[in-house]
>>> print(open('protein.pdb').read())   # PDB, C-alpha atoms
ATOM      1  CA  MET A   1     162.341  24.949  92.416
ATOM      2  CA  ASN A   2     165.562  24.681  94.455
ATOM      3  CA  HIS A   3     168.751  26.625  93.894
ATOM      4  CA  SER A   4     171.848  25.478  95.753
ATOM      5  CA  LEU A   5     175.518  26.332  95.883
ATOM      6  CA  GLU A   6     176.143  24.408  92.687
ATOM      7  CA  ASP A   7     173.388  26.157  90.788
ATOM      8  CA  ASP A   8     174.882  29.021  88.802
ATOM      9  CA  LYS A   9     171.620  30.960  89.002
ATOM     10  CA  ILE A  10     172.357  31.942  92.605
ATOM     11  CA  PRO A  11     175.533  33.718  93.759
ATOM     12  CA  GLU A  12     177.985  31.444  95.490
ATOM     13  CA  ASP A  13     177.412  32.248  99.153
ATOM     14  CA  CYS A  14     173.648  31.586  99.054
ATOM     15  CA  PRO A  15     173.249  28.200 100.793
ATOM     16  CA  LEU A  16     169.788  27.346  99.491
ATOM     17  CA  VAL A  17     166.878  29.151  97.852
ATOM     18  CA  GLN A  18     163.616  27.267  97.401
ATOM     19  CA  VAL A  19     160.375  28.139  95.657
ATOM     20  CA  MET A  20     157.575  25.639  96.245
ATOM     21  CA  THR A  21     153.853  25.378  95.824
ATOM     22  CA  MET A  22     151.721  24.523  98.839
ATOM     23  CA  GLU A  23     151.322  20.943  97.635
ATOM     24  CA  GLU A  24     155.057  20.519  97.035
ATOM     25  CA  TYR A  25     155.801  21.798 100.529
ATOM     26  CA  ARG A  26     153.371  19.379 102.168
ATOM     27  CA  ASN A  27     154.700  16.446 100.165
ATOM     28  CA  SER A  28     158.331  17.293 100.884
ATOM     29  CA  GLN A  29     160.396  16.538 103.966
ATOM     30  CA  GLU A  30     161.237  20.222 104.334
ATOM     31  CA  ARG A  31     160.104  21.736 107.605
ATOM     32  CA  VAL A  32     160.773  25.026 109.390
ATOM     33  CA  SER A  33     161.135  26.031 113.012
ATOM     34  CA  GLN A  34     157.848  26.719 114.794
ATOM     35  CA  GLU A  35     155.979  24.850 112.081
ATOM     36  CA  LEU A  36     152.550  25.498 113.612
ATOM     37  CA  ILE A  37     152.881  29.293 113.384
ATOM     38  CA  PHE A  38     154.193  29.047 109.831
ATOM     39  CA  GLU A  39     151.367  26.718 108.743
ATOM     40  CA  ARG A  40     148.788  29.098 110.191
ATOM     41  CA  ASN A  41     150.191  31.951 108.110
ATOM     42  CA  LEU A  42     150.130  29.806 104.977
ATOM     43  CA  HIS A  43     146.346  29.660 105.180
ATOM     44  CA  HIS A  44     145.765  33.274 106.272
ATOM     45  CA  ILE A  45     147.480  35.636 103.857
ATOM     46  CA  HIS A  46     145.660  38.935 104.326
ATOM     47  CA  TYR A  47     148.408  41.532 103.886
ATOM     48  CA  CYS A  48     152.172  42.082 103.672
ATOM     49  CA  LYS A  49     153.924  41.504 106.974
ATOM     50  CA  ALA A  50     157.068  40.147 108.594
ATOM     51  CA  ASP A  51     157.423  38.409 111.964
ATOM     52  CA  TRP A  52     160.351  37.211 113.989
ATOM     53  CA  LEU A  53     161.099  33.668 115.107
ATOM     54  CA  ASP A  54     164.131  32.444 117.006
ATOM     55  CA  GLN A  55     166.953  33.198 114.551
ATOM     56  CA  ALA A  56     164.557  33.280 111.604
ATOM     57  CA  ILE A  57     162.136  35.573 109.778
ATOM     58  CA  PHE A  58     158.848  34.597 108.217
ATOM     59  CA  GLY A  59     156.141  36.656 106.587
ATOM     60  CA  THR A  60     153.561  37.042 103.866
ATOM     61  CA  PHE A  61     153.165  39.114 100.722
ATOM     62  CA  LEU A  62     149.860  40.094  99.144
ATOM     63  CA  ILE A  63     150.601  41.969  95.930
ATOM     64  CA  PRO A  64     148.039  43.696  93.665
ATOM     65  CA  ARG A  65     148.326  42.777  89.998
ATOM     66  CA  LYS A  66     149.012  45.923  88.002
ATOM     67  CA  GLU A  67     147.127  44.660  84.969
ATOM     68  CA  ALA A  68     143.969  44.285  87.120
ATOM     69  CA  LEU A  69     144.351  46.203  90.362
ATOM     70  CA  LEU A  70     140.876  45.316  91.612
ATOM     71  CA  GLY A  71     141.239  41.648  90.679
ATOM     72  CA  ASP A  72     142.782  38.800  92.651
ATOM     73  CA  LYS A  73     146.091  39.504  94.374
ATOM     74  CA  SER A  74     149.246  37.376  94.361
ATOM     75  CA  GLY A  75     149.601  36.002  97.886
ATOM     76  CA  PHE A  76     152.485  33.868  99.167
ATOM     77  CA  CYS A  77     154.692  33.228 102.211
ATOM     78  CA  PHE A  78     158.412  33.342 102.829
ATOM     79  CA  TYR A  79     160.737  31.909 105.456
ATOM     80  CA  LEU A  80     164.351  32.916 106.020
ATOM     81  CA  ASP A  81     166.953  31.442 108.362
ATOM     82  CA  ARG A  82     170.733  31.073 108.224
ATOM     83  CA  LYS A  83     170.619  28.158 105.775
ATOM     84  CA  ARG A  84     167.792  28.863 103.346
ATOM     85  CA  LEU A  85     165.290  31.264 101.885
ATOM     86  CA  LEU A  86     161.981  29.524 101.229
ATOM     87  CA  PHE A  87     158.992  30.833  99.243
ATOM     88  CA  ILE A  88     155.685  28.967  99.223
ATOM     89  CA  ASP A  89     153.649  30.310  96.347
ATOM     90  CA  ASP A  90     150.799  28.890  94.253
ATOM     91  CA  THR A  91     150.530  31.981  92.023
ATOM     92  CA  GLY A  92     153.894  31.714  90.230
ATOM     93  CA  PHE A  93     154.789  35.289  91.166
ATOM     94  CA  ALA A  94     157.746  34.420  93.405
ATOM     95  CA  GLN A  95     159.214  32.033  90.827
ATOM     96  CA  SER A  96     158.985  34.593  88.008
ATOM     97  CA  LEU A  97     160.624  37.224  90.198
ATOM     98  CA  MET A  98     163.437  34.865  91.228
ATOM     99  CA  ASP A  99     164.005  34.047  87.555
ATOM    100  CA  SER A 100     164.299  37.773  86.794
ATOM    101  CA  ILE A 101     166.841  38.184  89.594
ATOM    102  CA  ALA A 102     168.800  35.197  88.299
ATOM    103  CA  GLU A 103     168.864  36.607  84.760
ATOM    104  CA  GLU A 104     170.378  39.855  86.028
ATOM    105  CA  LYS A 105     172.848  38.189  88.387
ATOM    106  CA  SER A 106     176.187  39.840  89.030
ATOM    107  CA  SER A 107     179.535  38.400  90.005
ATOM    108  CA  GLU A 108     179.254  39.973  93.458
ATOM    109  CA  LYS A 109     178.662  37.632  96.349
ATOM    110  CA  THR A 110     175.465  38.049  98.252
ATOM    111  CA  SER A 111     173.665  36.609 101.285
ATOM    112  CA  LEU A 112     170.199  35.189 101.771
ATOM    113  CA  VAL A 113     169.146  38.346 103.601
ATOM    114  CA  HIS A 114     170.388  40.497 100.745
ATOM    115  CA  LEU A 115     168.595  38.217  98.301
ATOM    116  CA  LEU A 116     165.335  38.789 100.203
ATOM    117  CA  PHE A 117     166.030  42.530  99.978
ATOM    118  CA  GLN A 118     166.597  42.189  96.220
ATOM    119  CA  PHE A 119     163.364  40.244  95.913
ATOM    120  CA  MET A 120     161.429  43.022  97.671
ATOM    121  CA  GLU A 121     163.162  45.650  95.547
ATOM    122  CA  TYR A 122     162.136  43.813  92.377
ATOM    123  CA  MET A 123     158.549  43.782  93.620
ATOM    124  CA  ILE A 124     158.356  47.574  93.402
ATOM    125  CA  ARG A 125     161.114  48.208  90.861
ATOM    126  CA  ASP A 126     158.831  49.565  88.122
ATOM    127  CA  ASP A 127     156.164  51.054  90.365
ATOM    128  CA  VAL A 128     157.347  54.646  89.978
ATOM    129  CA  LEU A 129     156.917  54.344  86.206
ATOM    130  CA  PHE A 130     153.542  52.660  86.725
ATOM    131  CA  LEU A 131     152.331  55.536  88.914
ATOM    132  CA  GLN A 132     153.585  58.066  86.371
ATOM    133  CA  LYS A 133     151.523  56.357  83.668
ATOM    134  CA  TYR A 134     148.561  56.290  86.033
ATOM    135  CA  GLU A 135     148.930  60.041  86.552
ATOM    136  CA  GLU A 136     148.986  60.518  82.757
ATOM    137  CA  LYS A 137     145.759  58.515  82.582
ATOM    138  CA  LEU A 138     144.151  60.855  85.116
ATOM    139  CA  THR A 139     145.454  63.900  83.238
ATOM    140  CA  THR A 140     143.912  62.587  80.004
ATOM    141  CA  MET A 141     140.627  62.033  81.836
ATOM    142  CA  GLU A 142     140.743  65.614  83.130
ATOM    143  CA  GLU A 143     141.434  67.062  79.664
ATOM    144  CA  GLU A 144     138.641  65.031  78.060
ATOM    145  CA  LEU A 145     136.293  66.143  80.819
ATOM    146  CA  LEU A 146     137.027  69.793  80.029
ATOM    147  CA  ASP A 147     136.889  69.326  76.251
ATOM    148  CA  LYS A 148     134.064  66.841  75.822
ATOM    149  CA  GLY A 149     132.200  66.728  79.113
ATOM    150  CA  LEU A 150     132.496  62.970  79.585
ATOM    151  CA  ASP A 151     129.564  60.891  80.768
ATOM    152  CA  ASN A 152     129.958  58.349  83.566
ATOM    153  CA  VAL A 153     132.957  60.235  84.964
ATOM    154  CA  ASN A 154     131.787  59.520  88.507
ATOM    155  CA  ARG A 155     131.999  55.793  87.838
ATOM    156  CA  ALA A 156     135.482  56.118  86.299
ATOM    157  CA  ILE A 157     136.707  58.226  89.227
ATOM    158  CA  LEU A 158     135.287  55.731  91.712
ATOM    159  CA  GLN A 159     137.175  52.968  89.891
ATOM    160  CA  CYS A 160     140.415  54.970  90.080
ATOM    161  CA  ARG A 161     139.933  55.703  93.771
ATOM    162  CA  LYS A 162     139.406  52.009  94.530
ATOM    163  CA  GLU A 163     142.554  51.085  92.613
ATOM    164  CA  LEU A 164     144.618  53.776  94.322
ATOM    165  CA  LEU A 165     143.245  52.786  97.714
ATOM    166  CA  ARG A 166     144.454  49.226  97.101
ATOM    167  CA  LEU A 167     147.915  50.461  96.060
ATOM    168  CA  ASN A 168     147.970  52.873  98.973
ATOM    169  CA  SER A 169     147.309  50.070 101.443
ATOM    170  CA  TYR A 170     149.913  47.855  99.755
ATOM    171  CA  TYR A 171     152.714  50.423 100.012
ATOM    172  CA  GLU A 172     151.792  51.264 103.598
ATOM    173  CA  GLN A 173     152.048  47.564 104.485
ATOM    174  CA  LEU A 174     155.464  47.325 102.826
ATOM    175  CA  ALA A 175     156.677  50.365 104.791
ATOM    176  CA  ASP A 176     155.422  48.818 108.048
ATOM    177  CA  MET A 177     157.010  45.510 107.074
ATOM    178  CA  SER A 178     160.402  47.123 106.484
ATOM    179  CA  GLU A 179     160.108  48.930 109.813
ATOM    180  CA  THR A 180     159.565  45.569 111.527
ATOM    181  CA  LEU A 181     162.670  44.181 109.837
ATOM    182  CA  VAL A 182     164.780  47.208 110.777
ATOM    183  CA  GLU A 183     163.795  46.790 114.431
ATOM    184  CA  ASN A 184     165.715  43.466 114.315
ATOM    185  CA  HIS A 185     164.258  42.065 117.531
ATOM    186  CA  ASN A 186     166.270  38.849 117.610
ATOM    187  CA  GLY A 187     169.537  40.251 116.272
ATOM    188  CA  PHE A 188     169.251  38.135 113.126
ATOM    189  CA  LEU A 189     170.243  41.016 110.830
ATOM    190  CA  ASP A 190     173.495  42.917 110.870
ATOM    191  CA  GLU A 191     173.787  46.691 110.592
ATOM    192  CA  LYS A 192     174.165  46.652 106.812
ATOM    193  CA  ASP A 193     171.042  44.518 106.399
ATOM    194  CA  CYS A 194     169.039  46.904 108.606
ATOM    195  CA  TYR A 195     170.259  49.818 106.498
ATOM    196  CA  LEU A 196     169.121  48.087 103.281
ATOM    197  CA  PHE A 197     165.629  47.422 104.631
ATOM    198  CA  SER A 198     165.511  51.009 105.884
ATOM    199  CA  LEU A 199     166.191  52.176 102.324
ATOM    200  CA  PHE A 200     163.417  49.898 101.073
ATOM    201  CA  GLY A 201     161.049  51.352 103.677
ATOM    202  CA  ASP A 202     161.862  54.879 102.527
ATOM    203  CA  ARG A 203     161.108  53.915  98.946
ATOM    204  CA  ALA A 204     157.817  52.268  99.911
ATOM    205  CA  SER A 205     156.906  55.388 101.885
ATOM    206  CA  ARG A 206     157.557  57.581  98.836
ATOM    207  CA  LEU A 207     155.337  55.330  96.727
ATOM    208  CA  TYR A 208     152.694  55.607  99.437
ATOM    209  CA  SER A 209     152.947  59.406  99.275
ATOM    210  CA  ASN A 210     152.644  59.283  95.475
ATOM    211  CA  THR A 211     149.444  57.254  95.653
ATOM    212  CA  GLN A 212     148.094  59.680  98.257
ATOM    213  CA  ALA A 213     148.756  62.550  95.849
ATOM    214  CA  LEU A 214     147.003  60.665  93.044
ATOM    215  CA  LYS A 215     143.995  60.052  95.294
ATOM    216  CA  GLU A 216     143.795  63.790  95.946
ATOM    217  CA  TYR A 217     144.077  64.369  92.192
ATOM    218  CA  THR A 218     141.047  62.131  91.606
ATOM    219  CA  MET A 219     139.136  64.218  94.147
ATOM    220  CA  GLN A 220     140.066  67.378  92.243
ATOM    221  CA  ILE A 221     138.820  65.799  88.998
ATOM    222  CA  ARG A 222     135.593  64.792  90.710
ATOM    223  CA  GLU A 223     135.105  68.323  92.042
ATOM    224  CA  MET A 224     135.758  69.680  88.546
ATOM    225  CA  TYR A 225     133.176  67.265  87.144
ATOM    226  CA  GLN A 226     130.689  68.356  89.799
ATOM    227  CA  SER A 227     131.350  72.006  89.022
ATOM    228  CA  GLN A 228     130.713  71.279  85.312
ATOM    229  CA  ILE A 229     127.372  69.732  86.248
ATOM    230  CA  ASP A 230     126.540  72.723  88.458
ATOM    231  CA  ILE A 231     127.386  75.138  85.635
ATOM    232  CA  ARG A 232     125.214  73.151  83.231
ATOM    233  CA  GLN A 233     122.326  73.134  85.696
ATOM    234  CA  ASN A 234     122.718  76.867  86.320
ATOM    235  CA  ARG A 235     122.548  77.524  82.582
ATOM    236  CA  ILE A 236     119.381  75.465  82.297
ATOM    237  CA  MET A 237     117.819  77.238  85.255
ATOM    238  CA  SER A 238     118.821  80.623  83.836
ATOM    239  CA  PHE A 239     117.260  79.753  80.485
ATOM    240  CA  LEU A 240     114.026  78.597  82.117
ATOM    241  CA  THR A 241     113.939  81.751  84.246
ATOM    242  CA  ILE A 242     114.375  83.940  81.153
ATOM    243  CA  VAL A 243     111.653  82.055  79.273
ATOM    244  CA  THR A 244     109.311  82.443  82.240
ATOM    245  CA  THR A 245     110.138  86.153  82.494
ATOM    246  CA  VAL A 246     109.622  86.719  78.755
ATOM    247  CA  PHE A 247     106.134  85.214  78.763
ATOM    248  CA  MET A 248     104.981  86.618  82.081
ATOM    249  CA  PRO A 249     103.582  89.860  80.540
ATOM    250  CA  LEU A 250     101.810  87.787  77.887
ATOM    251  CA  THR A 251     100.292  85.652  80.632
ATOM    252  CA  LEU A 252      99.049  88.832  82.306
ATOM    253  CA  ILE A 253      97.538  90.108  79.044
ATOM    254  CA  THR A 254      95.901  86.758  78.381
ATOM    255  CA  GLY A 255      94.469  86.610  81.873
ATOM    256  CA  TRP A 256      93.266  90.192  81.699
ATOM    257  CA  TYR A 257      91.359  89.868  78.460
ATOM    258  CA  GLY A 258      90.330  86.334  79.239
ATOM    259  CA  MET A 259      87.881  87.661  81.805
ATOM    260  CA  ASN A 260      85.531  88.636  78.941
ATOM    261  CA  PHE A 261      83.708  91.415  80.780
ATOM    262  CA  ASP A 262      80.969  93.111  78.739
ATOM    263  CA  LYS A 263      82.412  96.575  79.247
ATOM    264  CA  MET A 264      85.781  95.765  77.603
ATOM    265  CA  PRO A 265      85.656  97.860  74.408
ATOM    266  CA  GLU A 266      88.745  96.117  72.893
ATOM    267  CA  LEU A 267      86.795  92.854  72.651
ATOM    268  CA  HIS A 268      84.409  94.337  70.113
ATOM    269  CA  TRP A 269      86.861  96.640  68.316
ATOM    270  CA  LYS A 270      87.847  95.375  64.883
ATOM    271  CA  TYR A 271      91.507  96.272  65.484
ATOM    272  CA  GLY A 272      91.575  94.800  68.981
ATOM    273  CA  TYR A 273      93.155  91.457  68.018
ATOM    274  CA  PRO A 274      95.915  92.942  65.776
ATOM    275  CA  LEU A 275      96.672  95.480  68.506
ATOM    276  CA  ILE A 276      97.127  92.837  71.190
ATOM    277  CA  ALA A 277      99.215  90.699  68.834
ATOM    278  CA  PHE A 278     101.457  93.654  67.981
ATOM    279  CA  LEU A 279     101.740  94.613  71.669
ATOM    280  CA  SER A 280     102.710  91.071  72.658
ATOM    281  CA  LEU A 281     105.353  90.875  69.919
ATOM    282  CA  PHE A 282     106.713  94.283  70.884
ATOM    283  CA  ILE A 283     107.010  93.248  74.550
ATOM    284  CA  ILE A 284     108.833  90.036  73.642
ATOM    285  CA  LEU A 285     111.321  91.856  71.400
ATOM    286  CA  LEU A 286     111.861  94.537  74.030
ATOM    287  CA  GLU A 287     112.612  91.946  76.710
ATOM    288  CA  ILE A 288     114.972  89.999  74.464
ATOM    289  CA  TRP A 289     116.850  93.217  73.628
ATOM    290  CA  TYR A 290     117.095  94.023  77.335
ATOM    291  CA  PHE A 291     118.390  90.554  78.220
ATOM    292  CA  ILE A 292     121.001  90.692  75.460
ATOM    293  CA  ARG A 293     122.110  94.139  76.602
ATOM    294  CA  LYS A 294     122.510  92.830  80.160
ATOM    295  CA  ARG A 295     124.359  89.773  78.759
ATOM    296  CA  TRP A 296     121.835  87.378  80.238
ATOM    297  CA  LEU A 297     121.474  85.835  76.794
ATOM    298  CA  LYS A 298     124.568  84.794  74.830
TER
END
>>> encode(input="protein.pdb", output="structure tokens")
Amino acid sequence: MNHSLEDDKIPEDCPLVQVMTMEEYRNSQERVSQELIFERNLHHIHYCKADWLDQAIFGTFLIPRKEALLGDKSGFCFYLDRKRLLFIDDTGFAQSLMDSIAEEKSSEKTSLVHLLFQFMEYMIRDDVLFLQKYEEKLTTMEEELLDKGLDNVNRAILQCRKELLRLNSYYEQLADMSETLVENHNGFLDEKDCYLFSLFGDRASRLYSNTQALKEYTMQIREMYQSQIDIRQNRIMSFLTIVTTVFMPLTLITGWYGMNFDKMPELHWKYGYPLIAFLSLFIILLEIWYFIRKRWLK
């Protein structure tokens, strides 16, 4: 889709804004400076970056989808010179974002550079709220772990860490990208433009720090889960130790009288069996009383 001076969706001093698919770009007569470099980037979108050409900027965006952070990303290219801002995007992301910007247009005049800044701002506009909701999700997981002792928590934490790692990398790339723009190697940007991209870089850096904090939070939840497992295992081992200790005297008695020597008078005494049974029961009760007194049994 093209927006020109006559199109009321774009403020008046924007010469031309274009959003095309790859096929539309190839079939059109539109070309950019240093076409070979630009074409190479069209086919190799691996991360968010910006590069300088002679009086132009080109770059790529690779944006995680918030509804499925570990799914496919939205990848597209952009090109900016004095006359136009061009997006080449097969995912529809750039077009939807430009439509959102157009719907919230103001009467203030703007430039193509400022429009690119707005576009990047819209990319992360709701990310603070998204990270807050993600933190609430982790808090709920922590509370349920303490209350219910969730199963498969390790798998859920691993999923969260993968998602946060992807967001972490994304925000770091945006911060690096803004730093490249602020450096302004070819003098394409003016001082105000550099200041705007510096502000964007600061915001991306804060989002990066937030995701780092959430990653550490997932580690704390994992450690809590591991401590719960350790406590459970310790209780089981304590119970088994107590059971073994309780029946150890009985094992000794059984082994002693199991030798069946002829000179054991208790074997032939008519009260021998009741006596041993009473003695065994007495020992068990005595040990249980002792363990309860020492608070080894609760």
>>> residues_around(input="protein.pdb", residues="Met120 (chain A)", least_positions_apart="5", cutoff="12 Å", atoms="only C-alpha atoms", output="count of residues only")
26
>>> residues_around(input="protein.pdb", residues="Thr245 (chain A)", least_positions_apart="6", cutoff="10 Å", atoms="all atoms listed in the file", output="MDAnalysis selection string")
chainID A and resid 239 284 287
>>> resolve_selection(input="protein.pdb", expression="the PyMOL selection byres ((chain A and resi 146) around 12)", output="list in words")
Thr139, Thr140, Met141, Glu142, Glu143, Glu144, Leu145, Asp147, Lys148, Gly149, Leu150, Asp151, Val153, Ile221, Arg222, Met224, Tyr225, Gln226, Ser227, Gln228 and Ile229 of chain A
>>> resolve_selection(input="protein.pdb", expression="the PyMOL selection byres ((chain A and resi 88) around 10)", output="ChimeraX atom specification")
/A:18-25,42,60,75-79,86-87,89-92,94-95
>>> atom_distance(input="protein.pdb", atom1="CA of His43 (chain A)", atom2="CA of Leu70 (chain A)")
21.4 Å
>>> closest_residue(input="protein.pdb", among="A:Ala56, A:Leu69, A:Phe282, A:Leu62", to="His44 (chain A)", atoms="only C-alpha atoms")
A:Leu62
>>> closest_residue(input="protein.pdb", among="A:Ile157, A:Val243, A:Leu129, A:Asp51", to="Glu223 (chain A)", atoms="all atoms listed in the file")
A:Ile157
>>> closest_residue(input="protein.pdb", among="A:Ile231, A:Leu167, A:Val128, A:Leu16", to="Tyr47 (chain A)", atoms="all atoms listed in the file")
A:Leu167
>>> resolve_selection(input="protein.pdb", expression="the PyMOL selection byres ((chain A and resi 184) around 12)", output="VMD selection string")
chain A and resid 50 to 57 177 to 183 185 to 195 197 to 198
>>> atom_distance(input="protein.pdb", atom1="CA of Met264 (chain A)", atom2="CA of Leu279 (chain A)")
17.1 Å
>>> atom_distance(input="protein.pdb", atom1="CA of Leu275 (chain A)", atom2="CA of Leu240 (chain A)")
27.8 Å
>>> closest_residue(input="protein.pdb", among="A:Arg206, A:Lys162, A:Arg26, A:Lys49", to="Asp176 (chain A)", atoms="all atoms listed in the file")
A:Lys49
